[in-house]
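Engineer: What follows is the file model_9.cif, containing mmCIF, C-alpha atoms:
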```
data_entry
#
loop_
_atom_site.label_atom_id
_atom_site.label_comp_id
_atom_site.auth_asym_id
_atom_site.auth_seq_id
_atom_site.Cartn_x
_atom_site.Cartn_y
_atom_site.Cartn_z
CA MET B 276 0.00 0.00 0.00
CA LYS B 277 2.81 2.39 0.92
CA LYS B 278 4.60 1.52 -2.31
CA ILE B 279 1.50 2.44 -4.31
CA GLU B 280 1.19 5.73 -2.42
CA LYS B 281 4.86 6.58 -3.04
CA THR B 282 4.44 5.83 -6.76
CA SER B 283 1.33 8.01 -6.89
CA VAL B 284 3.06 10.91 -5.12
CA LYS B 285 6.09 10.60 -7.41
CA LYS B 286 3.82 10.62 -10.48
CA ILE B 287 2.01 13.74 -9.27
CA LEU B 288 5.29 15.55 -8.56
CA ILE B 289 6.64 14.66 -12.01
CA GLU B 290 3.44 15.94 -13.65
CA ILE B 291 3.53 19.21 -11.69
CA ILE B 292 7.21 19.75 -12.52
CA GLY B 293 6.48 18.89 -16.16
CA THR B 294 3.63 21.41 -16.17
CA ILE B 295 5.89 24.17 -14.85
CA VAL B 296 8.76 23.29 -17.23
CA GLY B 297 6.41 23.12 -20.23
CA SER B 298 4.89 26.47 -19.28
CA PHE B 299 8.34 28.04 -19.02
CA ILE B 300 9.36 26.76 -22.46
CA MET B 301 6.12 28.13 -23.93
CA ALA B 302 6.74 31.48 -22.23
CA VAL B 303 10.20 31.68 -23.84
CA GLY B 304 8.67 31.22 -27.30
CA VAL B 305 5.97 33.79 -26.63
CA ALA B 306 7.88 36.50 -24.73
CA LEU B 307 11.21 36.38 -26.55
CA PHE B 308 10.03 35.67 -30.10
CA LEU B 309 6.35 36.14 -30.95
CA LEU B 310 5.17 38.95 -28.66
CA PRO B 311 7.98 41.47 -29.46
CA ASN B 312 7.22 40.98 -33.16
CA GLN B 313 3.43 41.37 -32.76
CA LEU B 314 2.90 37.73 -33.77
CA SER B 315 0.28 35.40 -32.32
CA SER B 316 0.22 31.74 -31.40
CA GLY B 317 -3.57 31.77 -31.56
CA GLY B 318 -6.12 31.30 -28.78
CA ILE B 319 -6.13 33.50 -25.70
CA ALA B 320 -2.48 34.43 -26.29
CA GLY B 321 -3.61 36.17 -29.49
CA ILE B 322 -6.15 38.27 -27.59
CA ALA B 323 -3.52 39.04 -24.96
CA THR B 324 -1.14 40.21 -27.70
CA ILE B 325 -3.68 42.77 -28.89
CA THR B 326 -4.42 44.08 -25.37
CA TYR B 327 -0.67 44.20 -24.69
CA TYR B 328 -0.15 46.72 -27.50
CA LEU B 329 -3.53 48.45 -27.22
CA LEU B 330 -3.82 48.95 -23.46
CA LYS B 331 -0.20 48.28 -22.39
CA ILE B 332 -1.41 45.54 -20.01
CA PRO B 333 1.13 42.74 -19.34
CA MET B 334 0.33 39.74 -21.50
CA GLY B 335 0.54 37.25 -18.64
CA THR B 336 -1.97 39.23 -16.64
CA VAL B 337 -4.47 39.22 -19.51
CA ILE B 338 -4.07 35.47 -19.99
CA MET B 339 -4.78 34.95 -16.30
CA VAL B 340 -7.84 37.24 -16.26
CA ILE B 341 -9.42 35.60 -19.34
CA ASN B 342 -8.80 32.10 -18.00
CA ILE B 343 -10.44 32.74 -14.61
CA PRO B 344 -14.07 32.67 -15.89
CA LEU B 345 -13.22 29.66 -18.10
CA PHE B 346 -11.94 27.73 -15.10
CA LEU B 347 -14.96 28.76 -13.01
CA PHE B 348 -17.32 27.69 -15.79
CA SER B 349 -15.68 24.33 -16.41
CA GLY B 350 -15.03 23.64 -12.71
CA TYR B 351 -14.07 20.13 -11.74
CA LYS B 352 -15.97 18.69 -14.71
CA ILE B 353 -12.69 18.38 -16.56
CA GLY B 354 -11.33 16.16 -13.80
CA LYS B 355 -9.82 17.24 -10.50
CA ALA B 356 -6.21 16.35 -11.41
CA PHE B 357 -6.38 17.99 -14.84
CA PHE B 358 -8.14 21.03 -13.33
CA ILE B 359 -5.39 21.58 -10.72
CA LYS B 360 -2.55 21.02 -13.20
CA SER B 361 -4.17 23.40 -15.68
CA ILE B 362 -4.41 26.10 -13.03
CA ILE B 363 -0.72 25.57 -12.20
CA GLY B 364 0.09 25.72 -15.91
CA THR B 365 -1.90 28.92 -16.47
CA ILE B 366 -0.36 30.68 -13.45
CA SER B 367 3.14 29.53 -14.42
CA LEU B 368 2.75 30.61 -18.06
CA SER B 369 1.39 34.03 -17.06
CA PHE B 370 4.17 34.58 -14.52
CA PHE B 371 6.98 33.49 -16.82
CA ILE B 372 5.71 35.58 -19.76
CA ASP B 373 5.59 38.76 -17.67
CA ILE B 374 9.08 38.07 -16.27
CA LEU B 375 10.66 37.21 -19.64
CA ASP B 376 8.95 40.17 -21.31
CA LYS B 377 11.39 42.42 -19.46
CA ILE B 378 14.29 40.77 -21.32
CA GLU B 379 15.47 41.99 -24.72
CA PRO B 380 13.88 39.87 -27.51
CA LEU B 381 16.21 37.39 -29.18
CA THR B 382 15.30 38.57 -32.69
CA ASN B 383 13.39 41.37 -34.39
CA ASP B 384 13.14 39.47 -37.65
CA ARG B 385 9.52 38.33 -37.97
CA PHE B 386 10.35 35.29 -40.07
CA LEU B 387 12.93 34.02 -37.59
CA ALA B 388 10.55 34.86 -34.74
CA CYS B 389 7.66 32.86 -36.20
CA VAL B 390 9.90 29.86 -36.95
CA TYR B 391 11.74 29.66 -33.64
CA GLY B 392 8.77 30.88 -31.62
CA GLY B 393 6.52 28.23 -33.16
CA ILE B 394 9.08 25.47 -32.57
CA ILE B 395 9.75 26.45 -28.94
CA ILE B 396 6.05 26.81 -28.09
CA GLY B 397 5.44 23.44 -29.76
CA ILE B 398 8.09 21.85 -27.54
CA GLY B 399 6.53 23.38 -24.42
CA THR B 400 3.04 22.26 -25.43
CA ALA B 401 4.30 18.72 -26.07
CA VAL B 402 5.80 18.62 -22.56
CA LEU B 403 2.42 19.68 -21.14
CA LEU B 404 0.62 17.02 -23.17
CA LYS B 405 3.07 14.39 -21.94
CA VAL B 406 2.02 15.07 -18.35
CA ASN B 407 -1.66 15.43 -19.30
CA SER B 408 -1.80 19.12 -18.46
CA SER B 409 -2.57 22.43 -20.16
CA THR B 410 -2.42 26.19 -19.77
CA GLY B 411 -6.16 26.68 -20.17
CA GLY B 412 -7.32 28.83 -23.06
CA SER B 413 -8.46 27.01 -26.18
CA ASP B 414 -8.42 23.65 -24.37
CA LEU B 415 -11.05 24.84 -21.89
CA ILE B 416 -13.11 26.59 -24.58
CA SER B 417 -13.19 23.42 -26.68
CA TYR B 418 -14.17 21.37 -23.63
CA ILE B 419 -17.05 23.71 -22.77
CA ALA B 420 -18.23 23.68 -26.41
CA LYS B 421 -18.21 19.88 -26.47
CA LYS B 422 -20.41 19.84 -23.39
CA TYR B 423 -23.11 21.58 -25.42
CA ASN B 424 -22.43 19.66 -28.63
CA PRO B 425 -20.50 16.37 -28.12
CA THR B 426 -20.25 15.81 -31.90
CA ILE B 427 -17.97 18.83 -32.37
CA ARG B 428 -14.35 17.90 -32.99
CA THR B 429 -11.85 19.53 -30.62
CA SER B 430 -9.38 20.14 -33.45
CA ASN B 431 -12.04 22.03 -35.41
CA ILE B 432 -12.88 24.25 -32.43
CA ILE B 433 -9.22 25.15 -31.85
CA LEU B 434 -8.71 25.76 -35.59
CA ILE B 435 -11.69 28.13 -35.72
CA ILE B 436 -10.51 30.00 -32.62
CA ASP B 437 -6.98 30.37 -34.03
CA PHE B 438 -8.33 31.58 -37.39
CA VAL B 439 -10.55 34.21 -35.74
CA ILE B 440 -7.72 35.42 -33.48
CA ILE B 441 -5.27 35.71 -36.40
CA CYS B 442 -7.84 37.73 -38.34
CA LEU B 443 -8.29 40.03 -35.33
CA ASN B 444 -4.53 40.49 -35.10
CA MET B 445 -4.35 41.45 -38.77
CA LEU B 446 -7.23 43.92 -38.38
CA PHE B 447 -5.73 45.51 -35.27
CA PHE B 448 -2.16 45.82 -36.53
CA ARG B 449 -3.33 46.42 -40.12
CA GLU B 450 -0.64 44.15 -41.54
CA ILE B 451 -1.49 41.00 -43.45
CA GLU B 452 2.08 39.76 -42.91
CA ILE B 453 1.35 39.38 -39.21
CA GLY B 454 -1.39 36.89 -40.02
CA LEU B 455 0.79 35.02 -42.50
CA TYR B 456 3.72 34.74 -40.10
CA SER B 457 1.40 33.80 -37.23
CA ALA B 458 -0.07 31.00 -39.37
CA ILE B 459 3.46 29.65 -39.96
CA ALA B 460 4.13 29.72 -36.22
CA ILE B 461 0.90 27.83 -35.45
CA TYR B 462 1.65 25.26 -38.17
CA LEU B 463 5.15 24.66 -36.80
CA MET B 464 3.72 24.31 -33.29
CA GLY B 465 1.45 21.53 -34.51
CA LYS B 466 4.24 19.71 -36.36
CA ILE B 467 6.60 19.86 -33.38
CA ILE B 468 3.86 18.55 -31.09
CA ASP B 469 3.28 15.63 -33.49
CA ILE B 470 7.00 14.81 -33.58
CA LEU B 471 7.66 15.05 -29.84
CA PHE B 472 4.35 13.71 -28.60
CA GLU B 473 3.97 10.82 -31.03
CA GLY B 474 7.62 10.17 -31.83
CA ILE B 475 9.88 10.56 -34.82
CA TYR B 476 10.34 6.84 -35.47
CA PHE B 477 8.47 6.53 -38.75
CA THR B 478 8.19 3.17 -40.44
CA LYS B 479 6.81 1.93 -43.74
CA MET B 480 4.34 -0.85 -44.39
CA MET B 481 4.62 -2.82 -47.61
CA LEU B 482 2.03 -5.02 -49.26
CA ILE B 483 3.71 -7.27 -51.84
CA ILE B 484 1.56 -9.18 -54.32
CA SER B 485 3.48 -11.78 -56.28
CA ASP B 486 3.32 -15.33 -57.59
CA LYS B 487 6.63 -15.88 -55.78
CA SER B 488 5.55 -14.66 -52.36
CA GLU B 489 7.21 -17.47 -50.39
CA GLU B 490 10.56 -16.92 -52.10
CA ILE B 491 10.38 -13.16 -51.48
CA ALA B 492 9.46 -13.75 -47.81
CA LYS B 493 12.52 -15.94 -47.30
CA VAL B 494 14.86 -13.37 -48.85
CA ILE B 495 13.42 -10.57 -46.69
CA GLU B 496 13.83 -12.73 -43.59
CA ASN B 497 17.38 -13.88 -44.41
CA GLU B 498 18.82 -10.71 -45.96
CA ILE B 499 16.93 -7.89 -44.22
CA LYS B 500 16.18 -9.77 -40.98
CA ARG B 501 12.56 -8.69 -41.12
CA GLY B 502 9.50 -10.86 -40.74
CA THR B 503 6.56 -10.94 -43.10
CA THR B 504 2.92 -11.94 -42.69
CA GLY B 505 1.03 -13.79 -45.38
CA ILE B 506 -2.52 -12.66 -46.08
CA TYR B 507 -4.64 -14.63 -48.51
CA GLY B 508 -6.41 -12.50 -51.10
CA LYS B 509 -8.22 -12.85 -54.37
CA GLY B 510 -7.79 -10.81 -57.53
CA MET B 511 -11.31 -9.86 -58.58
CA TYR B 512 -10.21 -9.24 -62.17
CA THR B 513 -8.17 -12.43 -62.63
CA ASN B 514 -10.32 -14.43 -60.17
CA LYS B 515 -7.09 -15.96 -58.83
CA GLU B 516 -6.11 -16.40 -55.19
CA LYS B 517 -2.72 -15.08 -54.13
CA LEU B 518 -0.64 -14.81 -50.99
CA ILE B 519 -0.11 -11.14 -50.12
CA LEU B 520 2.94 -10.35 -48.03
CA MET B 521 2.69 -7.65 -45.39
CA CYS B 522 6.01 -6.31 -44.14
CA VAL B 523 6.72 -3.45 -41.75
CA ALA B 524 10.24 -2.03 -41.88
CA PRO B 525 12.25 1.16 -41.24
CA ARG B 526 12.65 3.54 -44.17
CA LYS B 527 16.29 2.54 -44.64
CA ASP B 528 15.28 -1.04 -45.50
CA ILE B 529 12.56 -0.21 -48.02
CA ALA B 530 14.87 0.36 -51.00
CA ARG B 531 16.62 -2.99 -50.47
CA ILE B 532 13.31 -4.84 -50.15
CA LYS B 533 12.05 -3.28 -53.39
CA LEU B 534 15.27 -4.20 -55.20
CA MET B 535 15.19 -7.80 -53.96
CA THR B 536 11.51 -8.15 -54.84
CA ARG B 537 12.17 -6.84 -58.36
CA LYS B 538 14.99 -9.34 -58.89
CA ILE B 539 12.79 -12.25 -57.87
CA ASP B 540 9.61 -11.17 -59.65
CA ILE B 541 9.66 -8.18 -62.01
CA ASN B 542 5.88 -8.53 -62.37
CA SER B 543 5.25 -8.14 -58.64
CA PHE B 544 2.91 -5.45 -57.34
CA ILE B 545 4.01 -3.40 -54.29
CA ILE B 546 2.04 -0.94 -52.18
CA ILE B 547 4.02 1.20 -49.69
CA THR B 548 2.39 3.34 -47.04
CA ASN B 549 3.47 5.20 -43.91
CA SER B 550 3.00 3.54 -40.52
CA ARG B 551 2.71 6.27 -37.90
CA GLU B 552 3.54 3.99 -35.00
CA VAL B 553 4.46 0.32 -34.66
CA LEU B 554 4.39 -1.47 -31.33
CA GLY B 555 5.83 -4.92 -30.71
CA GLN B 556 8.93 -7.02 -31.17
CA GLY B 557 11.55 -5.40 -33.37
CA PHE B 558 10.00 -1.95 -33.04
CA LYS B 559 8.77 0.06 -30.05
CA ASP B 560 8.86 -2.03 -26.90
CA TRP B 561 5.44 -2.45 -25.27
CA HIS B 562 7.06 -2.34 -21.81
CA LYS B 563 8.41 1.15 -22.50
CA TYR B 564 5.18 2.40 -24.07
CA LYS B 565 3.24 5.01 -22.11
#
```
Would you encode the structure as structure tokens?
Structural biologist:
Amino acid sequence: MKKIEKTSVKKILIEIIGTIVGSFIMAVGVALFLLPNQLSSGGIAGIATITYYLLKIPMGTVIMVINIPLFLFSGYKIGKAFFIKSIIGTISLSFFIDILDKIEPLTNDRFLACVYGGIIIGIGTAVLLKVNSSTGGSDLISYIAKKYNPTIRTSNIILIIDFVIICLNMLFFREIEIGLYSAIAIYLMGKIIDILFEGIYFTKMMLIISDKSEEIAKVIENEIKRGTTGIYGKGMYTNKEKLILMCVAPRKDIARIKLMTRKIDINSFIIITNSREVLGQGFKDWHKYK
């Protein structure tokens, strides 16, 4: 029982530390790259950017003020643990942004700012996602919207919010370039989150249709050291049954497999597609999967 309690406490501490670290990384991207160049990362941060330049109110303060009613409205419905971590994340992000805003920006080039700002914020967001936390904002808005209409996709809600905020930024600053650069930053944020949150270990899946499937399978096993799975199929045009080989392999092995298959059967038919994630022997270990 004590062991379980210690594990639980350790997990909570790691998640809280991860929330604070992720918030700090996000604040670096916002305060030292996007904000000084009037760029937006979408969501509440976009509104805070406008009020920062319009009313000279610290960005972190605005983020905090806007999030308060959202937290009160959502309450513990989002889960007690997530609720507490999100509050910690929001407070941390607001505090770090206002502190870092006093430092000289790292670049005044808007292109560099949108690229590096987007990447850094993406890294911070990925850290928050890893510990199942957030900094409020669009996450809470999407949650509240889904309560009224469960069929709404969260990604669509966030996309609409970001689009509206970018348009507001362009209207306020009267520069279309701000919207274009902000869109690049948001796109890079999403790509970085995908890479860090889901992993960069991309693999390929091959479907090989050939009259010499067994011979090809043996060569792949002996030369490439990769296994294959035979799936029985039927050609609807030829009305003939064939053994289809399914093989999952890293990108570096694909060219060799294609070359070997061609040598054995030049009339073979190969379909290659991306496999976003592969779990099991020879790939990502199930024991290390979280």
Engineer: To one decimal in Å, tell me the separation between CA of Met334 in chain B and CA of Ile432 in chain B.
Structural biologist: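 Here the two named atoms are 23.1 Å from each other.
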Engineer: So which residues touch range 449-459 of chain B within 9 Å, counting all atoms listed in the file, skipping near sequence neighbours fewer than 6 positions away, as a PyMOL selection string?
Structural biologist: chain B and resi 309+312-317+385-386+388-390+393+437-438+441-443
Engineer: Taking the file as I've supplied it (selection: the PyMOL selection byres ((chain B and resi 481-495) around 12)), which residues are included? Please answer as a PyMOL selection string.
Structural biologist: chain B and resi 478-480+496-510+515-526+528-550
Engineer: Using Å and a single decimal, report how far CA of Ile416 in chain B sits from CA of Leu329 in chain B.
Structural biologist: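 Separation of CA of Leu329 in chain B and CA of Ile416 in chain B: 24.0 Å.
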Engineer: Apply the PyMOL selection byres ((chain B and resi 466) around 12) to the structure shown and report the selected residues as a list in words.
Structural biologist: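 On the file shown, the PyMOL selection byres ((chain B and resi 466) around 12) covers Val390, Gly393, Ile394, Ile395, Ile396, Gly397, Ile398, Thr400, Ala401, Ile459, Ala460, Ile461, Tyr462, Leu463, Met464, Gly465, Ile467, Ile468, Asp469, Ile470, Leu471, Phe472, Glu473, Gly474 and Ile475 of chain B.
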Engineer: Enter the distance from CA of Ile343 in chain B to CA of Leu404 in chain B, in Å, rounded to one decimal.
Structural biologist: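 Pair CA of Ile343 in chain B / CA of Leu404 in chain B returns 21.0 Å.
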Engineer: Do you know which residues are at most 12 Å from Ala323 in chain B counting all atoms listed in the file, after dropping those on the same chain fewer than 4 positions away, and could you put them as a PDB file with C-alpha atoms, keeping the file's coordinate frame?
Structural biologist:
```pdb
ATOM      1  CA  VAL B 305       5.970  33.790 -26.630  1.00  0.00           C
ATOM      2  CA  ALA B 306       7.880  36.500 -24.730  1.00  0.00           C
ATOM      3  CA  LEU B 309       6.350  36.140 -30.950  1.00  0.00           C
ATOM      4  CA  LEU B 310       5.170  38.950 -28.660  1.00  0.00           C
ATOM      5  CA  GLN B 313       3.430  41.370 -32.760  1.00  0.00           C
ATOM      6  CA  LEU B 314       2.900  37.730 -33.770  1.00  0.00           C
ATOM      7  CA  SER B 315       0.280  35.400 -32.320  1.00  0.00           C
ATOM      8  CA  SER B 316       0.220  31.740 -31.400  1.00  0.00           C
ATOM      9  CA  GLY B 317      -3.570  31.770 -31.560  1.00  0.00           C
ATOM     10  CA  GLY B 318      -6.120  31.300 -28.780  1.00  0.00           C
ATOM     11  CA  ILE B 319      -6.130  33.500 -25.700  1.00  0.00           C
ATOM     12  CA  TYR B 327      -0.670  44.200 -24.690  1.00  0.00           C
ATOM     13  CA  TYR B 328      -0.150  46.720 -27.500  1.00  0.00           C
ATOM     14  CA  LEU B 329      -3.530  48.450 -27.220  1.00  0.00           C
ATOM     15  CA  LEU B 330      -3.820  48.950 -23.460  1.00  0.00           C
ATOM     16  CA  LYS B 331      -0.200  48.280 -22.390  1.00  0.00           C
ATOM     17  CA  ILE B 332      -1.410  45.540 -20.010  1.00  0.00           C
ATOM     18  CA  PRO B 333       1.130  42.740 -19.340  1.00  0.00           C
ATOM     19  CA  MET B 334       0.330  39.740 -21.500  1.00  0.00           C
ATOM     20  CA  GLY B 335       0.540  37.250 -18.640  1.00  0.00           C
ATOM     21  CA  THR B 336      -1.970  39.230 -16.640  1.00  0.00           C
ATOM     22  CA  VAL B 337      -4.470  39.220 -19.510  1.00  0.00           C
ATOM     23  CA  ILE B 338      -4.070  35.470 -19.990  1.00  0.00           C
ATOM     24  CA  MET B 339      -4.780  34.950 -16.300  1.00  0.00           C
ATOM     25  CA  VAL B 340      -7.840  37.240 -16.260  1.00  0.00           C
ATOM     26  CA  ILE B 341      -9.420  35.600 -19.340  1.00  0.00           C
ATOM     27  CA  ASN B 342      -8.800  32.100 -18.000  1.00  0.00           C
ATOM     28  CA  SER B 369       1.390  34.030 -17.060  1.00  0.00           C
ATOM     29  CA  ILE B 372       5.710  35.580 -19.760  1.00  0.00           C
ATOM     30  CA  ASP B 373       5.590  38.760 -17.670  1.00  0.00           C
ATOM     31  CA  GLY B 412      -7.320  28.830 -23.060  1.00  0.00           C
ATOM     32  CA  ILE B 440      -7.720  35.420 -33.480  1.00  0.00           C
ATOM     33  CA  LEU B 443      -8.290  40.030 -35.330  1.00  0.00           C
ATOM     34  CA  ASN B 444      -4.530  40.490 -35.100  1.00  0.00           C
TER      35      ASN B 444
END
```
Engineer: Which residue gives the smallest distance to Phe447 in chain B among B:Leu403, B:Ile325, B:Ala302, B:Leu368, with only C-alpha atoms counted?
Structural biologist: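 For Phe447 in chain B, the nearest of the given residues is B:Ile325.
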Engineer: When distances are computed from all atoms listed in the file, which of B:Asn407, B:Asn514, B:Ser298, B:Ser413 shows the smallest separation from Lys286 in chain B?
Structural biologist: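 Among B:Asn407, B:Asn514, B:Ser298, B:Ser413, it is B:Asn407 that comes nearest to Lys286 in chain B.
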Engineer: I'd like to know which of B:Val303, B:Ile435, B:Leu446, B:Ile359 is closest to Gly411 in chain B, using all atoms listed in the file.
Structural biologist: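 Selected residue with least distance to Gly411 in chain B: B:Ile359.
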Engineer: For Ile436 in chain B, which of B:Gly321, B:Gly364, B:Pro311, B:Gly392 is the closest residue, counting all atoms listed in the file?
Structural biologist: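 Ranking B:Gly321, B:Gly364, B:Pro311, B:Gly392 by distance to Ile436 in chain B, first place goes to B:Gly321.
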Engineer: Counting all atoms listed in the file, which of B:Thr382, B:Ile322, B:Leu415, B:Met511 gets nearest to Gly304 in chain B?
Structural biologist: B:Thr382
